[in-house]
$ cat work-v5.cif   # mmCIF, C-alpha atoms
data_entry
#
loop_
_atom_site.group_PDB
_atom_site.id
_atom_site.type_symbol
_atom_site.label_atom_id
_atom_site.label_comp_id
_atom_site.auth_asym_id
_atom_site.auth_seq_id
_atom_site.Cartn_x
_atom_site.Cartn_y
_atom_site.Cartn_z
ATOM 1 C CA MET A 112 0.000 0.000 0.000
ATOM 2 C CA SER A 113 1.462 3.357 -1.027
ATOM 3 C CA GLY A 114 1.938 5.980 1.641
ATOM 4 C CA GLN A 115 2.255 3.559 4.549
ATOM 5 C CA PRO A 116 5.188 4.039 6.935
ATOM 6 C CA THR A 117 8.429 2.155 6.450
ATOM 7 C CA ALA A 118 11.306 1.311 8.779
ATOM 8 C CA LEU A 119 15.039 0.782 8.349
ATOM 9 C CA VAL A 120 15.772 -2.517 10.086
ATOM 10 C CA SER A 121 19.188 -3.731 11.159
ATOM 11 C CA ARG A 122 18.033 -7.236 12.052
ATOM 12 C CA ILE A 123 15.129 -9.250 13.420
ATOM 13 C CA LEU A 124 15.276 -11.891 16.129
ATOM 14 C CA THR A 125 12.281 -14.172 15.785
ATOM 15 C CA PHE A 126 12.699 -15.628 19.288
ATOM 16 C CA SER A 127 14.147 -13.876 22.342
ATOM 17 C CA CYS A 128 13.555 -14.318 26.067
ATOM 18 C CA VAL A 129 15.722 -11.382 27.249
ATOM 19 C CA ASP A 130 13.974 -8.435 25.577
ATOM 20 C CA GLY A 131 10.834 -8.227 27.664
ATOM 21 C CA PRO A 132 8.459 -10.769 29.212
ATOM 22 C CA GLY A 133 8.049 -14.165 27.577
ATOM 23 C CA ASN A 134 9.175 -15.159 24.108
ATOM 24 C CA ARG A 135 9.448 -12.133 21.854
ATOM 25 C CA LEU A 136 9.975 -11.032 18.284
ATOM 26 C CA VAL A 137 12.655 -8.331 18.488
ATOM 27 C CA ILE A 138 13.031 -5.747 15.730
ATOM 28 C CA PHE A 139 16.304 -3.830 15.826
ATOM 29 C CA LEU A 140 15.942 -0.491 14.041
ATOM 30 C CA GLN A 141 18.900 1.338 12.528
ATOM 31 C CA GLY A 142 20.013 4.712 13.881
ATOM 32 C CA CYS A 143 20.701 6.150 17.332
ATOM 33 C CA ASN A 144 20.926 9.650 18.795
ATOM 34 C CA PHE A 145 23.339 8.523 21.534
ATOM 35 C CA ASP A 146 26.988 7.694 20.863
ATOM 36 C CA CYS A 147 27.787 5.511 23.863
ATOM 37 C CA ILE A 148 31.442 4.771 24.457
ATOM 38 C CA THR A 149 30.410 1.323 25.679
ATOM 39 C CA CYS A 150 27.898 0.503 22.926
ATOM 40 C CA HIS A 151 27.868 -3.212 22.115
ATOM 41 C CA ASN A 152 25.978 -2.600 18.841
ATOM 42 C CA PRO A 153 27.941 0.380 17.439
ATOM 43 C CA HIS A 154 27.052 -0.579 13.864
ATOM 44 C CA THR A 155 23.442 0.464 14.604
ATOM 45 C CA ILE A 156 24.308 4.088 15.427
ATOM 46 C CA ASN A 157 24.672 5.745 12.015
ATOM 47 C CA HIS A 158 23.133 5.278 8.605
ATOM 48 C CA CYS A 159 25.332 4.023 5.783
ATOM 49 C CA SER A 160 27.323 6.802 4.091
ATOM 50 C CA HIS A 161 27.878 4.638 0.981
ATOM 51 C CA CYS A 162 31.620 5.253 1.126
ATOM 52 C CA GLY A 163 32.223 1.784 -0.310
ATOM 53 C CA ASP A 164 35.004 0.800 2.098
ATOM 54 C CA CYS A 165 33.203 -2.434 2.964
ATOM 55 C CA VAL A 166 32.668 -3.611 -0.622
ATOM 56 C CA PRO A 167 36.155 -5.011 -1.405
ATOM 57 C CA GLU A 168 36.364 -6.510 2.095
ATOM 58 C CA CYS A 169 33.365 -8.811 1.669
ATOM 59 C CA PRO A 170 34.648 -12.395 1.191
ATOM 60 C CA SER A 171 31.413 -13.596 -0.412
ATOM 61 C CA ASN A 172 30.915 -10.670 -2.839
ATOM 62 C CA ALA A 173 27.640 -9.846 -1.136
ATOM 63 C CA LEU A 174 28.223 -6.098 -1.474
ATOM 64 C CA SER A 175 28.559 -3.919 -4.543
ATOM 65 C CA LEU A 176 28.493 -0.255 -5.514
ATOM 66 C CA LYS A 177 25.741 0.806 -7.883
ATOM 67 C CA HIS A 178 25.190 4.439 -8.834
ATOM 68 C CA GLY A 179 27.242 5.535 -5.847
ATOM 69 C CA LYS A 180 25.254 3.423 -3.367
ATOM 70 C CA ALA A 181 26.392 0.384 -1.401
ATOM 71 C CA VAL A 182 24.072 -2.504 -2.270
ATOM 72 C CA TRP A 183 23.687 -5.640 -0.179
ATOM 73 C CA HIS A 184 22.947 -8.969 -1.867
ATOM 74 C CA PRO A 185 21.506 -11.099 0.963
ATOM 75 C CA GLU A 186 21.406 -14.286 -1.117
ATOM 76 C CA ARG A 187 25.234 -14.295 -1.153
ATOM 77 C CA CYS A 188 25.785 -13.111 2.416
ATOM 78 C CA THR A 189 27.283 -15.495 4.982
ATOM 79 C CA HIS A 190 26.847 -12.954 7.817
ATOM 80 C CA CYS A 191 30.512 -13.003 8.699
ATOM 81 C CA ASP A 192 30.128 -9.302 9.635
ATOM 82 C CA ARG A 193 33.414 -8.319 8.020
ATOM 83 C CA CYS A 194 31.618 -5.278 6.561
ATOM 84 C CA ILE A 195 30.642 -4.161 10.065
ATOM 85 C CA ASP A 196 34.170 -4.670 11.378
ATOM 86 C CA VAL A 197 35.760 -2.474 8.695
ATOM 87 C CA CYS A 198 33.092 0.250 8.617
ATOM 88 C CA PRO A 199 34.616 3.572 9.781
ATOM 89 C CA HIS A 200 31.212 5.187 10.375
ATOM 90 C CA LYS A 201 29.546 2.924 13.007
ATOM 91 C CA SER A 202 27.086 1.738 10.416
ATOM 92 C CA ASN A 203 25.935 -1.365 8.570
ATOM 93 C CA PRO A 204 25.334 -1.856 4.845
ATOM 94 C CA LYS A 205 23.019 -4.817 5.542
ATOM 95 C CA ILE A 206 19.899 -2.754 6.221
ATOM 96 C CA THR A 207 16.444 -3.741 5.015
ATOM 97 C CA ARG A 208 13.542 -1.335 4.539
ATOM 98 C CA TYR A 209 10.240 -2.865 5.631
ATOM 99 C CA THR A 210 6.784 -1.560 4.897
ATOM 100 C CA LEU A 211 4.099 -1.865 7.554
ATOM 101 C CA ASP A 212 2.444 -4.749 5.695
ATOM 102 C CA GLU A 213 5.753 -6.571 5.286
ATOM 103 C CA MET A 214 6.489 -6.337 9.000
ATOM 104 C CA LEU A 215 2.986 -7.478 9.877
ATOM 105 C CA GLY A 216 3.686 -10.471 7.655
ATOM 106 C CA VAL A 217 6.733 -11.304 9.769
ATOM 107 C CA VAL A 218 4.676 -11.006 12.948
ATOM 108 C CA ARG A 219 1.903 -13.226 11.581
ATOM 109 C CA LYS A 220 4.403 -15.869 10.495
ATOM 110 C CA HIS A 221 5.643 -16.329 14.071
ATOM 111 C CA HIS A 222 2.722 -15.193 16.232
ATOM 112 C CA LEU A 223 1.733 -18.653 17.486
ATOM 113 C CA PHE A 224 5.075 -18.961 19.285
ATOM 114 C CA LEU A 225 5.274 -15.433 20.675
ATOM 115 C CA SER A 226 4.293 -13.531 23.792
ATOM 116 C CA GLY A 227 4.925 -10.163 22.184
ATOM 117 C CA ILE A 228 6.949 -7.764 20.058
ATOM 118 C CA THR A 229 9.835 -5.562 21.159
ATOM 119 C CA PHE A 230 11.349 -2.712 19.160
ATOM 120 C CA SER A 231 15.009 -2.110 19.935
ATOM 121 C CA GLY A 232 17.985 -0.541 18.181
ATOM 122 C CA GLY A 233 19.953 1.648 17.830
ATOM 123 C CA GLU A 234 17.288 3.861 19.309
ATOM 124 C CA ALA A 235 13.902 2.559 18.227
ATOM 125 C CA THR A 236 11.936 5.724 18.975
ATOM 126 C CA LEU A 237 13.715 7.612 16.202
ATOM 127 C CA GLN A 238 11.306 5.711 13.934
ATOM 128 C CA LEU A 239 8.281 6.268 16.162
ATOM 129 C CA PRO A 240 5.622 6.634 13.411
ATOM 130 C CA PHE A 241 6.343 3.106 12.195
ATOM 131 C CA ILE A 242 6.294 1.703 15.726
ATOM 132 C CA ALA A 243 2.996 3.391 16.556
ATOM 133 C CA GLU A 244 1.320 2.161 13.381
ATOM 134 C CA LEU A 245 2.561 -1.401 13.803
ATOM 135 C CA PHE A 246 1.425 -1.578 17.431
ATOM 136 C CA LYS A 247 -1.924 -0.088 16.437
ATOM 137 C CA ALA A 248 -2.349 -2.715 13.722
ATOM 138 C CA VAL A 249 -1.403 -5.529 16.112
ATOM 139 C CA LYS A 250 -3.905 -4.369 18.728
ATOM 140 C CA ALA A 251 -6.658 -4.169 16.092
ATOM 141 C CA ASP A 252 -6.014 -7.648 14.647
ATOM 142 C CA PRO A 253 -7.982 -10.419 16.442
ATOM 143 C CA VAL A 254 -5.265 -12.952 15.567
ATOM 144 C CA LEU A 255 -2.420 -10.800 16.903
ATOM 145 C CA SER A 256 -4.053 -8.819 19.699
ATOM 146 C CA HIS A 257 -2.758 -11.188 22.394
ATOM 147 C CA LEU A 258 0.807 -9.983 21.694
ATOM 148 C CA THR A 259 2.216 -7.387 24.084
ATOM 149 C CA CYS A 260 3.970 -4.391 22.539
ATOM 150 C CA PHE A 261 7.231 -3.195 24.105
ATOM 151 C CA ILE A 262 9.984 -0.673 23.361
ATOM 152 C CA ASP A 263 13.604 -0.948 24.474
ATOM 153 C CA SER A 264 14.821 2.672 24.604
ATOM 154 C CA ASN A 265 17.592 4.971 25.781
ATOM 155 C CA GLY A 266 14.874 7.245 27.162
ATOM 156 C CA SER A 267 15.565 10.237 24.924
ATOM 157 C CA LEU A 268 12.058 10.503 23.450
ATOM 158 C CA SER A 269 10.060 13.592 24.393
ATOM 159 C CA GLU A 270 6.919 13.441 26.516
ATOM 160 C CA ALA A 271 4.852 14.246 23.425
ATOM 161 C CA GLY A 272 6.387 11.280 21.651
ATOM 162 C CA TRP A 273 5.647 8.882 24.502
ATOM 163 C CA GLN A 274 2.097 10.203 24.726
ATOM 164 C CA ARG A 275 1.656 9.433 21.026
ATOM 165 C CA VAL A 276 2.532 5.755 21.429
ATOM 166 C CA MET A 277 1.156 5.300 24.979
ATOM 167 C CA PRO A 278 -2.320 4.023 23.961
ATOM 168 C CA VAL A 279 -0.799 1.024 22.149
ATOM 169 C CA LEU A 280 2.251 0.505 24.387
ATOM 170 C CA ASP A 281 2.284 -2.255 27.000
ATOM 171 C CA GLY A 282 5.709 -1.560 28.446
ATOM 172 C CA ALA A 283 9.160 -0.074 27.992
ATOM 173 C CA MET A 284 12.686 -0.905 29.125
ATOM 174 C CA ILE A 285 14.854 2.158 29.789
ATOM 175 C CA ASP A 286 18.632 2.362 30.288
ATOM 176 C CA LEU A 287 20.101 4.603 32.981
ATOM 177 C CA LYS A 288 23.855 4.659 32.416
ATOM 178 C CA ALA A 289 25.031 7.355 34.829
ATOM 179 C CA TRP A 290 23.747 9.494 37.670
ATOM 180 C CA GLN A 291 25.640 12.776 37.425
ATOM 181 C CA ASN A 292 24.807 14.679 34.265
ATOM 182 C CA ASP A 293 28.462 15.301 33.421
ATOM 183 C CA THR A 294 29.212 11.584 33.609
ATOM 184 C CA HIS A 295 26.141 10.776 31.521
ATOM 185 C CA ARG A 296 27.161 13.305 28.877
ATOM 186 C CA TRP A 297 30.688 11.875 28.766
ATOM 187 C CA LEU A 298 29.464 8.279 28.396
ATOM 188 C CA VAL A 299 26.664 8.759 25.865
ATOM 189 C CA GLY A 300 27.041 12.255 24.410
ATOM 190 C CA ARG A 301 23.725 13.578 25.775
ATOM 191 C CA ASP A 302 22.287 14.953 29.021
ATOM 192 C CA LYS A 303 20.404 12.595 31.331
ATOM 193 C CA HIS A 304 17.437 14.902 32.018
ATOM 194 C CA ARG A 305 15.228 13.478 29.250
ATOM 195 C CA VAL A 306 16.023 9.937 30.424
ATOM 196 C CA MET A 307 14.907 10.721 33.972
ATOM 197 C CA ALA A 308 11.762 12.427 32.719
ATOM 198 C CA THR A 309 10.970 9.382 30.567
ATOM 199 C CA ILE A 310 11.339 6.982 33.500
ATOM 200 C CA ARG A 311 9.050 9.092 35.674
ATOM 201 C CA LEU A 312 6.445 9.526 32.925
ATOM 202 C CA LEU A 313 6.284 5.839 32.054
ATOM 203 C CA ALA A 314 6.103 4.881 35.738
ATOM 204 C CA GLU A 315 3.247 7.335 36.287
ATOM 205 C CA HIS A 316 1.266 5.729 33.462
ATOM 206 C CA GLY A 317 2.047 2.141 34.425
ATOM 207 C CA LYS A 318 4.110 1.565 31.284
ATOM 208 C CA LEU A 319 7.570 1.186 32.824
ATOM 209 C CA HIS A 320 8.515 -2.478 32.711
ATOM 210 C CA GLU A 321 12.226 -2.270 33.487
ATOM 211 C CA VAL A 322 15.058 0.107 34.367
ATOM 212 C CA ARG A 323 18.534 -1.105 33.427
ATOM 213 C CA LEU A 324 21.604 0.111 35.303
ATOM 214 C CA LEU A 325 24.986 -0.310 33.600
ATOM 215 C CA HIS A 326 27.889 -0.784 36.017
ATOM 216 C CA ILE A 327 31.309 0.154 34.597
ATOM 217 C CA PRO A 328 33.908 -0.267 37.363
ATOM 218 C CA GLY A 329 35.969 2.880 37.877
ATOM 219 C CA LYS A 330 34.235 4.763 35.051
ATOM 220 C CA SER A 331 30.512 5.167 35.697
ATOM 221 C CA ASP A 332 29.142 6.671 38.892
ATOM 222 C CA LEU A 333 26.121 4.540 39.757
ATOM 223 C CA ASP A 334 28.104 2.890 42.555
ATOM 224 C CA THR A 335 29.651 6.101 43.912
ATOM 225 C CA GLU A 336 26.221 7.789 43.831
ATOM 226 C CA VAL A 337 24.480 4.702 45.150
ATOM 227 C CA GLU A 338 22.503 6.508 47.850
ATOM 228 C CA ALA A 339 20.905 8.883 45.340
ATOM 229 C CA VAL A 340 20.350 6.054 42.850
ATOM 230 C CA GLY A 341 18.686 3.980 45.574
ATOM 231 C CA GLU A 342 16.430 6.851 46.599
ATOM 232 C CA PHE A 343 15.325 7.264 43.003
ATOM 233 C CA ILE A 344 14.640 3.551 42.559
ATOM 234 C CA ASN A 345 12.520 3.628 45.724
ATOM 235 C CA THR A 346 10.205 6.174 44.064
ATOM 236 C CA LEU A 347 9.345 3.645 41.340
ATOM 237 C CA PRO A 348 6.465 1.171 41.622
ATOM 238 C CA GLU A 349 7.415 -2.236 43.006
ATOM 239 C CA SER A 350 6.205 -3.772 39.746
ATOM 240 C CA VAL A 351 9.140 -2.181 37.875
ATOM 241 C CA ASN A 352 11.959 -4.622 37.286
ATOM 242 C CA ILE A 353 15.475 -3.379 38.088
ATOM 243 C CA ARG A 354 18.136 -5.072 35.971
ATOM 244 C CA LEU A 355 21.853 -4.676 36.635
ATOM 245 C CA ASN A 356 24.049 -4.914 33.553
ATOM 246 C CA ALA A 357 27.783 -5.613 33.764
ATOM 247 C CA PHE A 358 30.074 -3.808 31.333
ATOM 248 C CA GLN A 359 31.785 -6.277 29.002
ATOM 249 C CA HIS A 360 33.905 -5.927 25.866
ATOM 250 C CA HIS A 361 31.595 -7.810 23.497
ATOM 251 C CA GLY A 362 30.919 -5.637 20.438
ATOM 252 C CA VAL A 363 32.651 -2.599 21.941
ATOM 253 C CA VAL A 364 35.070 -0.541 19.840
ATOM 254 C CA GLY A 365 37.511 2.242 20.699
ATOM 255 C CA GLU A 366 38.814 3.367 24.065
ATOM 256 C CA ALA A 367 36.393 1.325 26.166
ATOM 257 C CA LEU A 368 38.167 -1.865 25.091
ATOM 258 C CA ALA A 369 40.972 -0.821 27.453
ATOM 259 C CA TRP A 370 38.585 -0.452 30.415
ATOM 260 C CA ASN A 371 38.234 -3.134 33.056
ATOM 261 C CA LYS A 372 35.331 -5.475 32.506
ATOM 262 C CA CYS A 373 32.823 -5.894 35.304
ATOM 263 C CA SER A 374 33.491 -9.198 37.054
ATOM 264 C CA GLU A 375 30.875 -11.223 38.865
ATOM 265 C CA ALA A 376 32.468 -10.325 42.201
ATOM 266 C CA GLU A 377 32.353 -6.614 41.349
ATOM 267 C CA MET A 378 28.744 -6.870 40.208
ATOM 268 C CA LEU A 379 27.760 -8.629 43.433
ATOM 269 C CA ARG A 380 29.454 -5.846 45.416
ATOM 270 C CA PHE A 381 27.454 -3.242 43.508
ATOM 271 C CA HIS A 382 24.255 -5.246 43.928
ATOM 272 C CA ASP A 383 24.726 -5.634 47.678
ATOM 273 C CA THR A 384 25.498 -1.929 48.135
ATOM 274 C CA LEU A 385 22.433 -0.907 46.156
ATOM 275 C CA PHE A 386 20.254 -3.484 47.878
ATOM 276 C CA GLU A 387 21.075 -1.865 51.221
ATOM 277 C CA GLN A 388 19.455 1.295 49.873
ATOM 278 C CA THR A 389 16.450 -0.253 48.154
ATOM 279 C CA GLN A 390 15.615 -3.572 49.840
ATOM 280 C CA ARG A 391 14.073 -4.728 46.570
ATOM 281 C CA PRO A 392 14.968 -7.587 44.215
ATOM 282 C CA MET A 393 17.217 -6.822 41.256
ATOM 283 C CA GLN A 394 18.116 -9.029 38.311
ATOM 284 C CA LEU A 395 21.773 -9.927 37.952
ATOM 285 C CA PRO A 396 23.616 -10.884 34.755
ATOM 286 C CA THR A 397 23.732 -14.607 34.046
ATOM 287 C CA ILE A 398 26.822 -14.486 31.812
ATOM 288 C CA TYR A 399 30.140 -12.668 32.195
ATOM 289 C CA THR A 400 32.338 -12.683 29.074
#
$ encode --input "work-v5.cif" --output "C-alpha cells"
Amino acid sequence: MSGQPTALVSRILTFSCVDGPGNRLVIFLQGCNFDCITCHNPHTINHCSHCGDCVPECPSNALSLKHGKAVWHPERCTHCDRCIDVCPHKSNPKITRYTLDEMLGVVRKHHLFLSGITFSGGEATLQLPFIAELFKAVKADPVLSHLTCFIDSNGSLSEAGWQRVMPVLDGAMIDLKAWQNDTHRWLVGRDKHRVMATIRLLAEHGKLHEVRLLHIPGKSDLDTEVEAVGEFINTLPESVNIRLNAFQHHGVVGEALAWNKCSEAEMLRFHDTLFEQTQRPMQLPTIYT
C-alpha cells in the first residue's frame, strides 16, 4: 500500500527471552541519537554513508556499488560481519527497509510462538511513526491482539512522543547509564534529564517495565552515587523490574576496550550496596564474558 510508513531494520530476532516478558519477536531499528562509548551494537548508530570501504572486504561478494550506493545482496551473504568490522562510520550496509504490511507479515508468520513484540535498536523511537502504526495494527487484529507491545529505549524521546505511542504501548525498558549529568554526557554524548523524565512519565502511566543500570567499574558513577540512585529507585512502583548490567567488551570498539570489565564479584558488590538502599529484588547478569 502506497503511503504507509516504512522502517530501516538492522536485524530481526524471531525468538528472544531477554527483551521483555516471555518469548518475543525483536526488531532492531537502525540509527541512534546517543553515541555511547560502551555501545555493544555500534554498527546500529549511524546510517550508511555509501563510502564503499566495505565492498572489497566482503569475502562472499555480497556487497557492490551501484550508482554511488552500497548494495547488499543477501542471497550471497554469509553474515561473517566483516563489513561491520571495517566500517569507519559505526554503520551497517546490511539494512532492510520494511513496509508496515511486510512487517505485519513477519509477525503473523511467528505469532503462534510469541508472547509479544519488542522494538530495539539503535534507538527505536527515532522511527516512532512506524512503531505506533505497527502496534496499532497488532492491537486491532484479532489474531495478533494477544501480543504485548514493548519498546527498548535509551529514554531520549520527548513526553509528546511517549504520549503518542502510549495508547498502544504495553511496556518499555529504559537504560540509565550514569547518575551525574556530566558523567552521563561523557558516556553517551547527551544529558540525562530526558532519560529521567521518561522513567518518571512511564512509571506514572504504568508503562515502565524495566530500568537497566549499567555498572562500569571505575568509570561510571552509579556505585559512587548509590545513595541517590537507591532513593530514586525507591520512588518507582514495586512492579518495575530493576536489571543490573555488567560492562563487558563484546561488540565494543575504541577506548572502552581498554577499560576493566565488570566481574561477577564486582557486580555482586554493587548489587549488595544498592540493595542496602532499596531492599528490593534486582536481576543480575547470568553471563560474564
$ closest_residue --input "work-v5.cif" --among "A:Asp286, A:Asp263, A:Glu186, A:Glu213" --to "A:Gln115" --atoms "only C-alpha atoms"
A:Glu213
$ residues_around --input "work-v5.cif" --residues "stretch 138-146 of chain A" --least-positions-apart "2" --cutoff "9 Å" --atoms "all atoms listed in the file" --output "PyMOL selection string"
chain A and resi 118-125+136+148-150+153-158+202-203+206+228-238+265+267+298-301
$ residues_around --input "work-v5.cif" --residues "A:Ile327" --least-positions-apart "5" --cutoff "12 Å" --atoms "only C-alpha atoms" --output "compact mmCIF listing (two decimals) with C-alpha atoms, in the coordinates of the input"
# COMPACT_ATOMS: atom_id res chain seq x y z
CA ILE A 148 31.44 4.77 24.46
CA THR A 149 30.41 1.32 25.68
CA LYS A 288 23.86 4.66 32.42
CA ALA A 289 25.03 7.36 34.83
CA THR A 294 29.21 11.58 33.61
CA LEU A 298 29.46 8.28 28.40
CA ASP A 332 29.14 6.67 38.89
CA LEU A 333 26.12 4.54 39.76
CA ASP A 334 28.10 2.89 42.56
CA THR A 335 29.65 6.10 43.91
CA LEU A 355 21.85 -4.68 36.64
CA ASN A 356 24.05 -4.91 33.55
CA ALA A 357 27.78 -5.61 33.76
CA PHE A 358 30.07 -3.81 31.33
CA GLN A 359 31.78 -6.28 29.00
CA HIS A 360 33.90 -5.93 25.87
CA ALA A 367 36.39 1.32 26.17
CA LEU A 368 38.17 -1.86 25.09
CA TRP A 370 38.58 -0.45 30.42
CA ASN A 371 38.23 -3.13 33.06
CA LYS A 372 35.33 -5.48 32.51
CA CYS A 373 32.82 -5.89 35.30
CA SER A 374 33.49 -9.20 37.05
CA GLU A 377 32.35 -6.61 41.35
CA MET A 378 28.74 -6.87 40.21
CA PHE A 381 27.45 -3.24 43.51
$ residues_around --input "work-v5.cif" --residues "stretch 337-351 of chain A" --least-positions-apart "3" --cutoff "7 Å" --atoms "only C-alpha atoms" --output "list of chain:residue names"
A:Ala314, A:Leu319, A:His320, A:Glu321, A:Leu333, A:Asp334, A:Leu385, A:Gln388, A:Thr389
$ resolve_selection --input "work-v5.cif" --expression "the PyMOL selection byres ((chain A and resi 130) around 10)" --output "PyMOL selection string"
chain A and resi 126-129+131-137+227-231+261-263+283-284
$ atom_distance --input "work-v5.cif" --atom1 "atom CA of A:Lys330" --atom2 "atom CA of A:Val306"
19.5 Å
$ resolve_selection --input "work-v5.cif" --expression "the PyMOL selection byres ((chain A and resi 169) around 10)" --output "list in words"
Asp164, Cys165, Val166, Pro167, Glu168, Pro170, Ser171, Asn172, Ala173, Leu174, Ser175, Cys188, Thr189, His190, Cys191, Asp192, Arg193, Cys194, Ile195 and Val197 of chain A
$ atom_distance --input "work-v5.cif" --atom1 "atom CA of A:His304" --atom2 "atom CA of A:Pro392"
25.7 Å
$ decode --input "work-v5.cif" --residues "stretch 275-287 of chain A" --atoms "N, CA and C atoms" --output "mmCIF file, in the first residue's frame"
data_model
loop_
_atom_site.group_PDB
_atom_site.id
_atom_site.type_symbol
_atom_site.label_atom_id
_atom_site.label_comp_id
_atom_site.auth_asym_id
_atom_site.auth_seq_id
_atom_site.Cartn_x
_atom_site.Cartn_y
_atom_site.Cartn_z
ATOM 1 N N ARG A 275 2.183 9.884 22.320
ATOM 2 C CA ARG A 275 1.656 9.433 21.026
ATOM 3 C C ARG A 275 1.533 7.912 20.976
ATOM 4 N N VAL A 276 2.520 7.219 21.526
ATOM 5 C CA VAL A 276 2.532 5.755 21.429
ATOM 6 C C VAL A 276 1.890 5.094 22.645
ATOM 7 N N MET A 277 1.648 5.851 23.712
ATOM 8 C CA MET A 277 1.156 5.300 24.979
ATOM 9 C C MET A 277 -0.101 4.434 24.838
ATOM 10 N N PRO A 278 -1.085 4.833 24.025
ATOM 11 C CA PRO A 278 -2.320 4.023 23.961
ATOM 12 C C PRO A 278 -2.119 2.604 23.451
ATOM 13 N N VAL A 279 -1.037 2.362 22.707
ATOM 14 C CA VAL A 279 -0.799 1.024 22.149
ATOM 15 C C VAL A 279 0.481 0.400 22.708
ATOM 16 N N LEU A 280 1.017 0.995 23.769
ATOM 17 C CA LEU A 280 2.251 0.505 24.387
ATOM 18 C C LEU A 280 1.922 -0.266 25.663
ATOM 19 N N ASP A 281 2.483 -1.474 25.787
ATOM 20 C CA ASP A 281 2.284 -2.255 27.000
ATOM 21 C C ASP A 281 3.412 -2.070 27.995
ATOM 22 N N GLY A 282 4.602 -1.743 27.525
ATOM 23 C CA GLY A 282 5.709 -1.560 28.446
ATOM 24 C C GLY A 282 6.970 -1.100 27.739
ATOM 25 N N ALA A 283 7.889 -0.543 28.537
ATOM 26 C CA ALA A 283 9.160 -0.074 27.992
ATOM 27 C C ALA A 283 10.288 -0.435 28.944
ATOM 28 N N MET A 284 11.456 -0.695 28.371
ATOM 29 C CA MET A 284 12.686 -0.905 29.125
ATOM 30 C C MET A 284 13.594 0.287 28.856
ATOM 31 N N ILE A 285 14.063 0.931 29.921
ATOM 32 C CA ILE A 285 14.854 2.158 29.789
ATOM 33 C C ILE A 285 16.223 1.969 30.448
ATOM 34 N N ASP A 286 17.267 2.421 29.754
ATOM 35 C CA ASP A 286 18.632 2.362 30.288
ATOM 36 C C ASP A 286 18.970 3.639 31.045
ATOM 37 N N LEU A 287 19.527 3.486 32.240
ATOM 38 C CA LEU A 287 20.101 4.603 32.981
ATOM 39 C C LEU A 287 21.576 4.289 33.176
#
